[in-house]
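Participant: Sharing coords_8.tsv here; it has TSV, C-alpha atoms and all ligand atoms.
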```
chain	number	residue	atom	x	y	z
L	1	MET	CA	0.00	0.00	0.00
L	2	THR	CA	1.07	3.60	-0.39
L	3	THR	CA	2.65	5.42	2.55
L	4	PRO	CA	0.51	7.40	5.03
L	5	SER	CA	1.71	10.70	3.56
L	6	HIS	CA	-0.15	9.90	0.33
L	7	ALA	CA	-3.38	9.14	2.09
L	8	ALA	CA	-6.37	11.48	1.85
L	9	ARG	CA	-8.49	11.45	4.98
L	10	PRO	CA	-12.20	12.28	4.69
L	11	ARG	CA	-13.23	15.34	6.70
L	12	PRO	CA	-16.51	15.74	8.58
L	13	GLY	CA	-19.29	17.19	6.45
L	14	GLY	CA	-21.66	16.23	3.66
L	15	SER	CA	-25.40	16.01	4.06
L	16	PRO	CA	-26.72	18.28	6.88
L	17	ALA	CA	-29.68	15.91	7.29
L	18	LEU	CA	-27.41	12.95	7.87
L	19	GLN	CA	-25.25	14.95	10.29
L	20	ALA	CA	-28.39	15.90	12.24
L	21	TRP	CA	-29.40	12.25	12.37
L	22	VAL	CA	-25.97	11.19	13.69
L	23	ASP	CA	-26.12	13.99	16.29
L	24	GLU	CA	-29.55	12.85	17.43
L	25	ILE	CA	-28.46	9.22	17.75
L	26	ALA	CA	-25.45	10.33	19.80
L	27	ASP	CA	-27.74	12.36	22.11
L	28	ARG	CA	-30.03	9.38	22.59
L	29	ALA	CA	-27.11	7.00	23.20
L	30	ARG	CA	-25.81	9.29	25.94
L	31	SER	CA	-28.98	8.44	27.88
L	32	ARG	CA	-27.45	4.95	28.23
L	33	LEU	CA	-24.33	6.22	29.96
L	34	GLY	CA	-24.21	5.03	33.54
L	35	THR	CA	-25.07	1.42	32.68
L	36	GLY	CA	-22.35	-1.22	32.39
L	37	ARG	CA	-18.79	-1.41	33.72
L	38	VAL	CA	-15.41	-0.36	32.36
L	39	ALA	CA	-13.08	-3.35	31.73
L	40	ASP	CA	-10.68	-3.66	34.64
L	41	TYR	CA	-9.06	-7.06	34.00
L	42	ILE	CA	-6.46	-5.02	32.08
L	43	PRO	CA	-5.63	-2.48	34.83
L	44	ALA	CA	-4.47	0.19	32.36
L	45	LEU	CA	-8.02	0.31	30.96
L	46	ALA	CA	-9.72	0.64	34.35
L	47	ASP	CA	-9.41	4.42	34.58
L	48	GLN	CA	-11.22	5.14	31.31
L	49	ASP	CA	-14.00	7.68	31.74
L	50	PRO	CA	-17.34	5.82	31.40
L	51	GLU	CA	-19.06	9.07	30.39
L	52	ARG	CA	-17.22	9.25	27.07
L	53	PHE	CA	-19.23	8.58	23.93
L	54	GLY	CA	-18.18	8.92	20.30
L	55	LEU	CA	-19.81	8.07	16.99
L	56	ALA	CA	-18.46	8.21	13.43
L	57	VAL	CA	-20.16	7.18	10.20
L	58	CYS	CA	-18.15	7.02	6.99
L	59	THR	CA	-19.93	6.58	3.67
L	60	ASN	CA	-18.33	4.76	0.75
L	61	ASP	CA	-18.23	8.00	-1.21
L	62	GLY	CA	-16.01	9.54	1.46
L	63	GLN	CA	-18.41	11.56	3.64
L	64	LEU	CA	-17.62	11.47	7.34
L	65	TYR	CA	-20.21	12.27	10.02
L	66	THR	CA	-19.08	12.51	13.63
L	67	ALA	CA	-20.62	13.21	17.03
L	68	GLY	CA	-19.38	13.46	20.62
L	69	ASP	CA	-15.88	12.14	21.33
L	70	ALA	CA	-15.45	10.78	17.80
L	71	GLU	CA	-11.92	12.15	17.43
L	72	MET	CA	-10.67	10.95	20.82
L	73	PRO	CA	-8.24	7.99	20.59
L	74	PHE	CA	-9.06	4.93	22.71
L	75	SER	CA	-7.63	1.43	23.11
L	76	ILE	CA	-8.92	-0.55	20.12
L	77	GLN	CA	-8.31	-3.94	21.78
L	78	SER	CA	-10.13	-6.66	19.81
L	79	LEU	CA	-11.02	-4.34	16.96
L	80	SER	CA	-7.40	-5.01	15.97
L	81	LYS	CA	-8.48	-8.61	15.26
L	82	VAL	CA	-10.21	-7.43	12.07
L	83	LEU	CA	-7.02	-5.80	10.79
L	84	LEU	CA	-4.92	-8.79	11.94
L	85	LEU	CA	-7.20	-11.19	10.10
L	86	SER	CA	-7.22	-9.06	6.94
L	87	LEU	CA	-3.44	-8.92	6.94
L	88	ALA	CA	-3.06	-12.66	7.61
L	89	LEU	CA	-5.49	-13.52	4.81
L	90	ARG	CA	-3.55	-11.21	2.48
L	91	THR	CA	-0.30	-12.96	3.29
L	92	HIS	CA	-1.43	-16.58	3.84
L	93	GLY	CA	-4.78	-16.90	2.07
L	94	ASP	CA	-7.11	-19.75	2.92
L	95	ALA	CA	-4.25	-21.81	4.41
L	96	LEU	CA	-5.05	-19.89	7.60
L	97	TRP	CA	-8.22	-21.93	8.04
L	98	GLN	CA	-6.26	-25.09	8.66
L	99	ARG	CA	-5.24	-23.61	12.01
L	100	VAL	CA	-8.26	-21.56	13.05
L	101	GLY	CA	-11.97	-22.29	12.59
L	102	LEU	CA	-14.89	-20.36	11.10
L	103	ASN	CA	-17.62	-20.95	13.63
L	104	PRO	CA	-19.00	-19.01	16.57
L	105	SER	CA	-17.74	-20.22	19.92
L	106	GLY	CA	-20.78	-19.32	22.00
L	107	MET	CA	-18.29	-18.84	24.83
L	108	PRO	CA	-16.57	-15.82	26.41
L	109	PHE	CA	-13.74	-14.45	24.27
L	110	ASN	CA	-11.02	-15.71	26.62
L	111	SER	CA	-12.48	-19.13	27.43
L	112	LEU	CA	-10.09	-22.10	27.37
L	113	MET	CA	-12.70	-24.87	27.45
L	114	GLN	CA	-13.07	-25.63	23.73
L	115	LEU	CA	-9.36	-25.26	23.11
L	116	GLU	CA	-8.56	-28.42	25.06
L	117	THR	CA	-11.36	-30.57	23.63
L	118	GLU	CA	-10.78	-29.27	20.08
L	119	ARG	CA	-7.06	-30.01	20.17
L	120	GLY	CA	-5.71	-26.47	20.09
L	121	LYS	CA	-7.65	-25.21	17.06
L	122	PRO	CA	-9.55	-22.06	18.09
L	123	ARG	CA	-13.15	-21.74	16.95
L	124	ASN	CA	-12.66	-18.47	15.05
L	125	PRO	CA	-10.16	-15.61	14.56
L	126	PHE	CA	-12.10	-13.18	16.77
L	127	ILE	CA	-11.73	-14.97	20.09
L	128	ASN	CA	-8.42	-14.37	21.84
L	129	ALA	CA	-6.98	-17.80	21.03
L	130	GLY	CA	-7.88	-17.37	17.35
L	131	ALA	CA	-6.25	-13.96	17.15
L	132	ILE	CA	-3.12	-15.37	18.82
L	133	VAL	CA	-2.87	-17.98	16.03
L	134	VAL	CA	-3.36	-15.20	13.46
L	135	ALA	CA	-0.61	-13.19	15.21
L	136	ASP	CA	1.64	-16.27	15.02
L	137	HIS	CA	1.27	-16.22	11.22
L	138	LEU	CA	2.27	-12.57	11.17
L	139	VAL	CA	5.27	-13.10	13.47
L	140	GLY	CA	6.48	-15.60	10.87
L	141	ALA	CA	5.89	-13.15	8.01
L	142	PHE	CA	7.05	-9.74	9.32
L	143	ALA	CA	10.03	-8.58	11.40
L	144	THR	CA	7.83	-6.33	13.58
L	145	PRO	CA	4.20	-7.35	12.97
L	146	SER	CA	2.65	-4.83	15.36
L	147	LYS	CA	4.51	-1.92	13.76
L	148	HIS	CA	3.47	-3.24	10.38
L	149	LEU	CA	-0.15	-3.34	11.54
L	150	ARG	CA	0.21	0.16	13.05
L	151	ASP	CA	1.47	1.46	9.71
L	152	ILE	CA	-1.44	-0.18	7.91
L	153	ALA	CA	-3.84	1.45	10.40
L	154	ARG	CA	-2.16	4.80	9.67
L	155	THR	CA	-2.46	4.37	5.93
L	156	LEU	CA	-6.05	3.08	5.96
L	157	SER	CA	-7.22	5.87	8.27
L	158	GLY	CA	-5.07	8.65	6.81
L	159	ASN	CA	-3.84	9.43	10.33
L	160	ALA	CA	-0.05	9.22	10.64
L	161	GLY	CA	-0.32	9.92	14.40
L	162	ILE	CA	-1.72	6.48	15.39
L	163	LEU	CA	0.37	4.91	18.18
L	164	ILE	CA	0.71	1.75	20.22
L	165	ASP	CA	0.00	2.58	23.88
L	166	ARG	CA	3.04	1.21	25.74
L	167	GLN	CA	1.29	1.45	29.12
L	168	VAL	CA	-1.62	-0.72	27.96
L	169	LEU	CA	0.83	-3.14	26.33
L	170	ALA	CA	2.79	-3.46	29.60
L	171	SER	CA	-0.42	-3.91	31.58
L	172	GLU	CA	-1.63	-6.70	29.29
L	173	TRP	CA	1.77	-8.34	29.47
L	174	GLN	CA	1.75	-8.24	33.25
L	175	HIS	CA	-1.75	-9.77	33.38
L	176	ARG	CA	-1.25	-12.24	30.54
L	177	ALA	CA	-1.91	-15.49	32.43
L	178	ARG	CA	-5.08	-16.49	30.59
L	179	ASN	CA	-3.84	-15.57	27.11
L	180	ALA	CA	-0.51	-17.26	27.90
L	181	ALA	CA	-2.41	-20.39	28.97
L	182	ALA	CA	-4.24	-20.41	25.62
L	183	ALA	CA	-0.99	-19.87	23.73
L	184	TYR	CA	0.86	-22.66	25.58
L	185	LEU	CA	-2.05	-25.03	25.05
L	186	MET	CA	-1.98	-24.31	21.32
L	187	LYS	CA	1.81	-24.69	21.31
L	188	ALA	CA	1.41	-28.10	22.98
L	189	PHE	CA	-1.01	-29.13	20.21
L	190	GLY	CA	1.46	-27.95	17.54
L	191	ASN	CA	-0.68	-24.97	16.47
L	192	LEU	CA	1.85	-22.22	17.24
L	193	ASP	CA	5.04	-22.00	15.17
L	194	ASN	CA	6.84	-19.22	17.03
L	195	GLU	CA	7.80	-18.70	20.67
L	196	VAL	CA	4.82	-17.99	22.94
L	197	ASP	CA	6.30	-14.76	24.35
L	198	GLU	CA	7.03	-13.35	20.92
L	199	VAL	CA	3.53	-14.11	19.64
L	200	LEU	CA	1.86	-12.73	22.77
L	201	GLU	CA	3.83	-9.52	22.59
L	202	ALA	CA	2.78	-9.00	18.95
L	203	TYR	CA	-0.86	-9.76	19.83
L	204	PHE	CA	-0.90	-7.40	22.85
L	205	ALA	CA	0.81	-4.61	20.90
L	206	CYS	CA	-1.89	-4.79	18.21
L	207	CYS	CA	-4.62	-4.69	20.89
L	208	ALA	CA	-2.86	-1.65	22.43
L	209	LEU	CA	-3.22	0.50	19.31
L	210	ARG	CA	-5.02	3.76	20.04
L	211	MET	CA	-7.45	4.99	17.40
L	212	SER	CA	-10.53	7.21	17.40
L	213	CYS	CA	-14.03	6.41	16.10
L	214	ALA	CA	-13.25	8.54	13.04
L	215	ASP	CA	-9.96	6.67	12.46
L	216	LEU	CA	-11.70	3.30	12.71
L	217	ALA	CA	-14.75	4.14	10.58
L	218	ILE	CA	-12.42	5.42	7.84
L	219	ALA	CA	-9.84	2.62	8.19
L	220	LEU	CA	-12.35	-0.23	8.09
L	221	ASN	CA	-14.45	1.26	5.30
L	222	TYR	CA	-12.77	-1.23	2.94
L	223	LEU	CA	-15.10	-3.87	4.37
L	224	ALA	CA	-18.09	-1.85	3.14
L	225	ALA	CA	-16.42	-1.15	-0.21
L	226	ASP	CA	-15.51	-4.56	-1.64
L	227	GLY	CA	-12.05	-4.33	-0.10
L	228	ARG	CA	-11.07	-0.93	-1.52
L	229	ALA	CA	-9.41	1.48	0.95
L	230	LEU	CA	-11.04	4.90	1.04
L	231	THR	CA	-7.84	6.83	1.74
L	232	THR	CA	-5.65	5.33	-0.98
L	233	GLY	CA	-8.19	4.09	-3.51
L	234	GLU	CA	-6.23	0.83	-3.59
L	235	ARG	CA	-7.73	-2.59	-3.02
L	236	PHE	CA	-6.63	-3.66	0.47
L	237	VAL	CA	-8.29	-7.09	0.20
L	238	PRO	CA	-10.12	-8.77	-2.71
L	239	PRO	CA	-13.94	-8.37	-2.74
L	240	ALA	CA	-14.58	-12.01	-1.79
L	241	MET	CA	-12.24	-11.65	1.19
L	242	ALA	CA	-14.06	-8.54	2.40
L	243	GLN	CA	-17.33	-10.45	2.12
L	244	ARG	CA	-15.94	-13.36	4.15
L	245	ILE	CA	-14.52	-11.11	6.86
L	246	ASN	CA	-17.95	-9.48	7.13
L	247	ALA	CA	-19.52	-12.94	7.42
L	248	LEU	CA	-17.17	-13.81	10.27
L	249	MET	CA	-17.90	-10.52	11.99
L	250	PHE	CA	-21.61	-11.25	11.69
L	251	THR	CA	-21.32	-14.70	13.26
L	252	SER	CA	-18.47	-14.16	15.75
L	253	GLY	CA	-17.65	-10.46	16.13
L	254	MET	CA	-19.65	-9.82	19.29
L	255	TYR	CA	-18.38	-12.74	21.41
L	256	ASP	CA	-21.03	-14.92	22.99
L	257	ALA	CA	-23.62	-12.21	22.29
L	258	ALA	CA	-23.18	-12.47	18.49
L	259	GLY	CA	-26.64	-14.00	17.95
L	260	ASP	CA	-28.33	-11.45	20.17
L	261	PHE	CA	-26.58	-8.56	18.38
L	262	ALA	CA	-27.36	-10.03	14.95
L	263	TYR	CA	-31.04	-10.21	15.91
L	264	ARG	CA	-31.16	-6.65	17.23
L	265	VAL	CA	-28.83	-4.86	14.80
L	266	GLY	CA	-28.36	-7.23	11.86
L	267	LEU	CA	-24.97	-5.89	10.75
L	268	PRO	CA	-21.48	-7.43	10.68
L	269	ALA	CA	-19.71	-5.93	13.70
L	270	LYS	CA	-16.64	-6.32	15.89
L	271	SER	CA	-16.34	-5.26	19.47
L	272	GLY	CA	-13.37	-4.53	21.74
L	273	VAL	CA	-13.10	-4.29	25.53
L	274	GLY	CA	-11.91	-0.68	25.17
L	275	GLY	CA	-15.60	0.02	24.43
L	276	GLY	CA	-15.39	0.38	20.65
L	277	ILE	CA	-17.65	-1.37	18.17
L	278	VAL	CA	-17.23	-1.20	14.40
L	279	ALA	CA	-20.19	-2.14	12.20
L	280	ILE	CA	-20.36	-2.44	8.44
L	281	VAL	CA	-23.22	-1.77	6.03
L	282	PRO	CA	-21.85	-3.54	2.94
L	283	GLY	CA	-21.90	-1.38	-0.17
L	284	ARG	CA	-22.79	1.74	1.81
L	285	LEU	CA	-20.93	2.72	4.95
L	286	SER	CA	-18.79	1.89	7.97
L	287	ILE	CA	-19.61	2.96	11.52
L	288	CYS	CA	-17.67	3.13	14.79
L	289	ALA	CA	-19.34	3.82	18.12
L	290	TRP	CA	-17.38	4.02	21.37
L	291	SER	CA	-18.17	4.24	25.05
L	292	PRO	CA	-16.05	2.44	27.68
L	293	ALA	CA	-18.75	0.89	29.92
L	294	LEU	CA	-19.40	-2.74	28.93
L	295	ASP	CA	-22.17	-5.30	29.47
L	296	ALA	CA	-21.55	-8.80	30.85
L	297	SER	CA	-20.38	-10.11	27.45
L	298	GLY	CA	-17.80	-7.32	27.13
L	299	ASN	CA	-19.70	-5.19	24.60
L	300	SER	CA	-20.16	-1.44	25.09
L	301	VAL	CA	-23.69	-0.65	26.26
L	302	ALA	CA	-24.02	2.81	24.71
L	303	ALA	CA	-22.23	1.85	21.49
L	304	GLN	CA	-24.60	-1.09	20.97
L	305	TYR	CA	-27.56	1.21	21.57
L	306	ALA	CA	-26.28	3.70	18.96
L	307	LEU	CA	-25.74	0.93	16.39
L	308	GLU	CA	-29.24	-0.39	17.02
L	309	ARG	CA	-30.67	3.06	16.32
L	310	ILE	CA	-28.56	3.47	13.17
L	311	SER	CA	-29.64	0.07	11.91
L	312	GLU	CA	-33.32	0.93	12.47
L	313	GLY	CA	-32.88	4.13	10.45
L	314	LEU	CA	-31.07	2.53	7.53
L	315	GLY	CA	-34.23	1.02	6.12
L	316	ARG	CA	-35.81	4.48	5.88
L	317	TRP	CA	-32.93	6.12	4.11
L	318	SER	CA	-33.28	7.05	0.52
L	319	GLN	CA	-30.31	7.13	-1.78
L	320	GLU	CA	-30.30	10.14	-4.08
L	321	ALA	CA	-27.54	11.08	-6.47
L	322	GLY	CA	-25.09	8.77	-4.75
L	323	ARG	CA	-25.66	10.42	-1.40
L	324	LEU	CA	-27.31	8.87	1.65
L	325	ALA	CA	-30.00	10.89	3.34
L	326	PRO	CA	-32.28	9.91	6.24
L	327	ALA	CA	-35.98	10.15	5.36
L	328	SER	CA	-36.94	11.26	8.88
L	329	VAL	CA	-35.86	10.87	12.46
L	330	SER	CA	-38.04	9.20	15.08
E	1	LIG	O1	-6.57	-10.26	25.14
E	1	LIG	C1	-7.44	-9.59	25.66
E	1	LIG	O2	-8.17	-10.03	26.54
E	1	LIG	C2	-7.62	-8.16	25.17
E	1	LIG	N1	-6.38	-7.65	24.68
E	1	LIG	C3	-8.62	-8.09	24.06
E	1	LIG	C4	-9.99	-8.50	24.51
E	1	LIG	C5	-11.08	-7.96	23.70
E	1	LIG	O3	-11.15	-6.81	23.34
E	1	LIG	C6	-12.17	-8.89	23.42
E	1	LIG	N2	-11.73	-9.99	22.66
E	1	LIG	N3	-12.12	-10.65	21.78
```
Go ahead and express the file in the form of structure tokens.
Facilitator:
Amino acid sequence: MTTPSHAARPRPGGSPALQAWVDEIADRARSRLGTGRVADYIPALADQDPERFGLAVCTNDGQLYTAGDAEMPFSIQSLSKVLLLSLALRTHGDALWQRVGLNPSGMPFNSLMQLETERGKPRNPFINAGAIVVADHLVGAFATPSKHLRDIARTLSGNAGILIDRQVLASEWQHRARNAAAAYLMKAFGNLDNEVDEVLEAYFACCALRMSCADLAIALNYLAADGRALTTGERFVPPAMAQRINALMFTSGMYDAAGDFAYRVGLPAKSGVGGGIVAIVPGRLSICAWSPALDASGNSVAAQYALERISEGLGRWSQEAGRLAPASVS
């Protein structure tokens, strides 16, 4: 891909009606603040302000609509699993599926139960064990996989200032017991090529990337656009790969609540314990909502609410002259 300096980042603006709609959804989502709990199993995340809320919607024709704390960087955590998977599929293709499955786990994202009975092959690339296997592929392919992923995030978002948060990385490393257990179990089953510590460090560093809602909605727009990156105009992944990543997000992106979220929102989505959720409307737009307080499954309460409202409104939108416009706001 081209370097970040060549990237053109969409700026907020476009349809005033759509901006008003995004503003209204953000106002309504703020009524959900106060429910849920900030993740504290990674101590560096525990002091996030639960009152923060951001929303960014990026259309495939390059219009960006933002509300609230949409430009504030936060810890992307498992949202990195989408970028990791995209990169691993680019470099290894379908061979990846010999080592990680394609089915929902129906279990918490850090559960070890299936890993033992299923002989070290994680159910899907969006649970922690699955992303660790994906990271193992990248450790084999790149000298510094997390910096490579950071640079891809910079290029895809058009933001050269994206950083890995060293404090979050150190905190995850210090409290790595469960992820280390998964990695050693997979190593014992022959499903990890590289040293456990090296793979875990790469995985944690990717989780510790800090990006804003606007960065993420822009960066992951390729999933709404048949794999084409908005900032560079280049194809980041082939169309069929974008479609398959969306399918995996739909079935496994929201942890053990994937079915519930699919029923309520009906969009491919991926969640992270930093409170971010990215959702994709294929062929039309990418969305990122963020608020740090999580429900029992680890999904942001206010972000889910905002995505539910956006999904409801999508059906009433009319598409005129290549521009999305909401018909009315309830
Ligand atoms: O490994 C962890 O537990 C965190 N770095 C990421 C967890 C997360 O966001 C949810 N995982 N699928």
Participant: What lies within 12 Å of L:Gly62 using all atoms listed in the file, ignoring chain neighbours under 2 positions off, as a PyMOL selection string?
Facilitator: chain L and resi 8-15+57-60+64-65+157+214+217-219+221-222+224-225+228-233+284-286+322-324
Participant: Chain L near ligand LIG 1 (chain E) within 9 Å: what's each residue's closest atom pair and its distance in Å to one decimal, counting only C-alpha atoms and all ligand atoms, ordered by chain then ascending residue number, as a Markdown table?
Facilitator:
```
| residue | atom | partner | partner_atom | distance |
| --- | --- | --- | --- | --- |
| L:Tyr41 | CA | E:LIG1 | O2 | 8.1 |
| L:Ile42 | CA | E:LIG1 | O2 | 7.7 |
| L:Ser75 | CA | E:LIG1 | O3 | 9.0 |
| L:Ile76 | CA | E:LIG1 | O3 | 7.4 |
| L:Gln77 | CA | E:LIG1 | O3 | 4.3 |
| L:Ser78 | CA | E:LIG1 | O3 | 3.7 |
| L:Leu79 | CA | E:LIG1 | O3 | 6.8 |
| L:Ser80 | CA | E:LIG1 | O3 | 8.5 |
| L:Lys81 | CA | E:LIG1 | N3 | 7.7 |
| L:Pro108 | CA | E:LIG1 | N3 | 8.2 |
| L:Phe109 | CA | E:LIG1 | N3 | 4.8 |
| L:Asn110 | CA | E:LIG1 | O2 | 6.4 |
| L:Pro125 | CA | E:LIG1 | N3 | 9.0 |
| L:Phe126 | CA | E:LIG1 | N3 | 5.6 |
| L:Ile127 | CA | E:LIG1 | N3 | 4.7 |
| L:Asn128 | CA | E:LIG1 | N3 | 5.2 |
| L:Ala129 | CA | E:LIG1 | O1 | 8.6 |
| L:Ala131 | CA | E:LIG1 | N3 | 8.2 |
| L:Ile132 | CA | E:LIG1 | O1 | 8.8 |
| L:Leu169 | CA | E:LIG1 | N1 | 8.7 |
| L:Glu172 | CA | E:LIG1 | N1 | 6.7 |
| L:Arg176 | CA | E:LIG1 | O1 | 7.8 |
| L:Arg178 | CA | E:LIG1 | O2 | 8.2 |
| L:Asn179 | CA | E:LIG1 | O1 | 6.3 |
| L:Tyr203 | CA | E:LIG1 | N1 | 7.6 |
| L:Phe204 | CA | E:LIG1 | N1 | 5.8 |
| L:Ala205 | CA | E:LIG1 | N1 | 8.7 |
| L:Cys206 | CA | E:LIG1 | N1 | 8.4 |
| L:Cys207 | CA | E:LIG1 | N1 | 5.1 |
| L:Ala208 | CA | E:LIG1 | N1 | 7.3 |
| L:Gly253 | CA | E:LIG1 | N3 | 7.9 |
| L:Met254 | CA | E:LIG1 | N3 | 8.0 |
| L:Tyr255 | CA | E:LIG1 | N3 | 6.6 |
| L:Lys270 | CA | E:LIG1 | N3 | 8.6 |
| L:Ser271 | CA | E:LIG1 | O3 | 6.7 |
| L:Gly272 | CA | E:LIG1 | O3 | 3.6 |
| L:Val273 | CA | E:LIG1 | O3 | 3.9 |
| L:Gly274 | CA | E:LIG1 | O3 | 6.4 |
| L:Gly275 | CA | E:LIG1 | O3 | 8.2 |
| L:Gly276 | CA | E:LIG1 | O3 | 8.8 |
| L:Gly298 | CA | E:LIG1 | C6 | 6.9 |
| L:Asn299 | CA | E:LIG1 | C6 | 8.5 |
```
Participant: Suppose we keep C-alpha atoms; can you now write the selection as a compact mmCIF listing (two decimals), keeping the file's coordinate frame?
Facilitator:
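File selection-v9.txt, as written:
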```
# COMPACT_ATOMS: atom_id res chain seq x y z
CA TYR L 41 -9.06 -7.06 34.00
CA ILE L 42 -6.46 -5.02 32.08
CA SER L 75 -7.63 1.43 23.11
CA ILE L 76 -8.92 -0.55 20.12
CA GLN L 77 -8.31 -3.94 21.78
CA SER L 78 -10.13 -6.66 19.81
CA LEU L 79 -11.02 -4.34 16.96
CA SER L 80 -7.40 -5.01 15.97
CA LYS L 81 -8.48 -8.61 15.26
CA PRO L 108 -16.57 -15.82 26.41
CA PHE L 109 -13.74 -14.45 24.27
CA ASN L 110 -11.02 -15.71 26.62
CA PRO L 125 -10.16 -15.61 14.56
CA PHE L 126 -12.10 -13.18 16.77
CA ILE L 127 -11.73 -14.97 20.09
CA ASN L 128 -8.42 -14.37 21.84
CA ALA L 129 -6.98 -17.80 21.03
CA ALA L 131 -6.25 -13.96 17.15
CA ILE L 132 -3.12 -15.37 18.82
CA LEU L 169 0.83 -3.14 26.33
CA GLU L 172 -1.63 -6.70 29.29
CA ARG L 176 -1.25 -12.24 30.54
CA ARG L 178 -5.08 -16.49 30.59
CA ASN L 179 -3.84 -15.57 27.11
CA TYR L 203 -0.86 -9.76 19.83
CA PHE L 204 -0.90 -7.40 22.85
CA ALA L 205 0.81 -4.61 20.90
CA CYS L 206 -1.89 -4.79 18.21
CA CYS L 207 -4.62 -4.69 20.89
CA ALA L 208 -2.86 -1.65 22.43
CA GLY L 253 -17.65 -10.46 16.13
CA MET L 254 -19.65 -9.82 19.29
CA TYR L 255 -18.38 -12.74 21.41
CA LYS L 270 -16.64 -6.32 15.89
CA SER L 271 -16.34 -5.26 19.47
CA GLY L 272 -13.37 -4.53 21.74
CA VAL L 273 -13.10 -4.29 25.53
CA GLY L 274 -11.91 -0.68 25.17
CA GLY L 275 -15.60 0.02 24.43
CA GLY L 276 -15.39 0.38 20.65
CA GLY L 298 -17.80 -7.32 27.13
CA ASN L 299 -19.70 -5.19 24.60
```
Participant: Using only C-alpha atoms, which residues sit within 8 Å of stretch 189-194 of chain L once same-chain residues fewer than 2 positions away are excluded, as a VMD selection string?
Facilitator: chain L and resid 99 119 to 121 133 136 to 137 139 to 140 183 185 to 187 196 198 to 199
Participant: Using all atoms listed in the file, can you tell me which of L:Met211, L:Met113, L:Ala262, L:Ala296 comes closest to L:Asn159?
Facilitator: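 Result for the nearest residue to L:Asn159: L:Met211.
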Participant: Please tell me which residues are no farther than 7 Å from (-16.3, -7.0, 5.7) in the file, counting all atoms listed in the file, and write them as a list in words.
Facilitator: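 The residues near that point, listed by chain and number, are Leu223, Ala224, Ala242, Gln243, Arg244, Ile245, Asn246, Ala247 and Ile280 of chain L.
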Participant: Could you check which residues have any atom within 12 Å of (-25.1, 11.8, 20.3), counting only C-alpha atoms with coordinates taken straight from the file, and then list them as a PDB file with C-alpha atoms, keeping the file's coordinate frame?
Facilitator:
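Saved result, out-v3.pdb, follows:
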```pdb
ATOM      1  CA  GLN L  19     -25.250  14.950  10.290  1.00  0.00           C
ATOM      2  CA  ALA L  20     -28.390  15.900  12.240  1.00  0.00           C
ATOM      3  CA  TRP L  21     -29.400  12.250  12.370  1.00  0.00           C
ATOM      4  CA  VAL L  22     -25.970  11.190  13.690  1.00  0.00           C
ATOM      5  CA  ASP L  23     -26.120  13.990  16.290  1.00  0.00           C
ATOM      6  CA  GLU L  24     -29.550  12.850  17.430  1.00  0.00           C
ATOM      7  CA  ILE L  25     -28.460   9.220  17.750  1.00  0.00           C
ATOM      8  CA  ALA L  26     -25.450  10.330  19.800  1.00  0.00           C
ATOM      9  CA  ASP L  27     -27.740  12.360  22.110  1.00  0.00           C
ATOM     10  CA  ARG L  28     -30.030   9.380  22.590  1.00  0.00           C
ATOM     11  CA  ALA L  29     -27.110   7.000  23.200  1.00  0.00           C
ATOM     12  CA  ARG L  30     -25.810   9.290  25.940  1.00  0.00           C
ATOM     13  CA  SER L  31     -28.980   8.440  27.880  1.00  0.00           C
ATOM     14  CA  ARG L  32     -27.450   4.950  28.230  1.00  0.00           C
ATOM     15  CA  LEU L  33     -24.330   6.220  29.960  1.00  0.00           C
ATOM     16  CA  ARG L  52     -17.220   9.250  27.070  1.00  0.00           C
ATOM     17  CA  PHE L  53     -19.230   8.580  23.930  1.00  0.00           C
ATOM     18  CA  GLY L  54     -18.180   8.920  20.300  1.00  0.00           C
ATOM     19  CA  LEU L  55     -19.810   8.070  16.990  1.00  0.00           C
ATOM     20  CA  ALA L  56     -18.460   8.210  13.430  1.00  0.00           C
ATOM     21  CA  TYR L  65     -20.210  12.270  10.020  1.00  0.00           C
ATOM     22  CA  THR L  66     -19.080  12.510  13.630  1.00  0.00           C
ATOM     23  CA  ALA L  67     -20.620  13.210  17.030  1.00  0.00           C
ATOM     24  CA  GLY L  68     -19.380  13.460  20.620  1.00  0.00           C
ATOM     25  CA  ASP L  69     -15.880  12.140  21.330  1.00  0.00           C
ATOM     26  CA  ALA L  70     -15.450  10.780  17.800  1.00  0.00           C
ATOM     27  CA  ALA L 289     -19.340   3.820  18.120  1.00  0.00           C
ATOM     28  CA  TRP L 290     -17.380   4.020  21.370  1.00  0.00           C
ATOM     29  CA  SER L 291     -18.170   4.240  25.050  1.00  0.00           C
ATOM     30  CA  ALA L 302     -24.020   2.810  24.710  1.00  0.00           C
ATOM     31  CA  ALA L 303     -22.230   1.850  21.490  1.00  0.00           C
ATOM     32  CA  TYR L 305     -27.560   1.210  21.570  1.00  0.00           C
ATOM     33  CA  ALA L 306     -26.280   3.700  18.960  1.00  0.00           C
ATOM     34  CA  LEU L 307     -25.740   0.930  16.390  1.00  0.00           C
ATOM     35  CA  ARG L 309     -30.670   3.060  16.320  1.00  0.00           C
ATOM     36  CA  ILE L 310     -28.560   3.470  13.170  1.00  0.00           C
TER      37      ILE L 310
END
```
Participant: Env of L:Arg210: 8 Å cut, atoms = only C-alpha atoms, seq-sep filter 5 positions within chain, self excluded. Answer as a list in words.
Facilitator: Pro73, Phe74, Ser75, Ile76, Ile162, Leu163, Ile164 and Asp165 of chain L
Participant: Any idea what the distance is between atom CA of L:Ala202 and atom CA of L:Val100?
Facilitator: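 Atom CA of L:Val100 lies at a distance of 17.7 Å from atom CA of L:Ala202.
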Participant: By how many Å are atom CA of L:Arg90 and atom CA of L:Val237 apart?
Facilitator: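 Taking atom CA of L:Arg90 as the start and atom CA of L:Val237 as the end point, the length is 6.7 Å.
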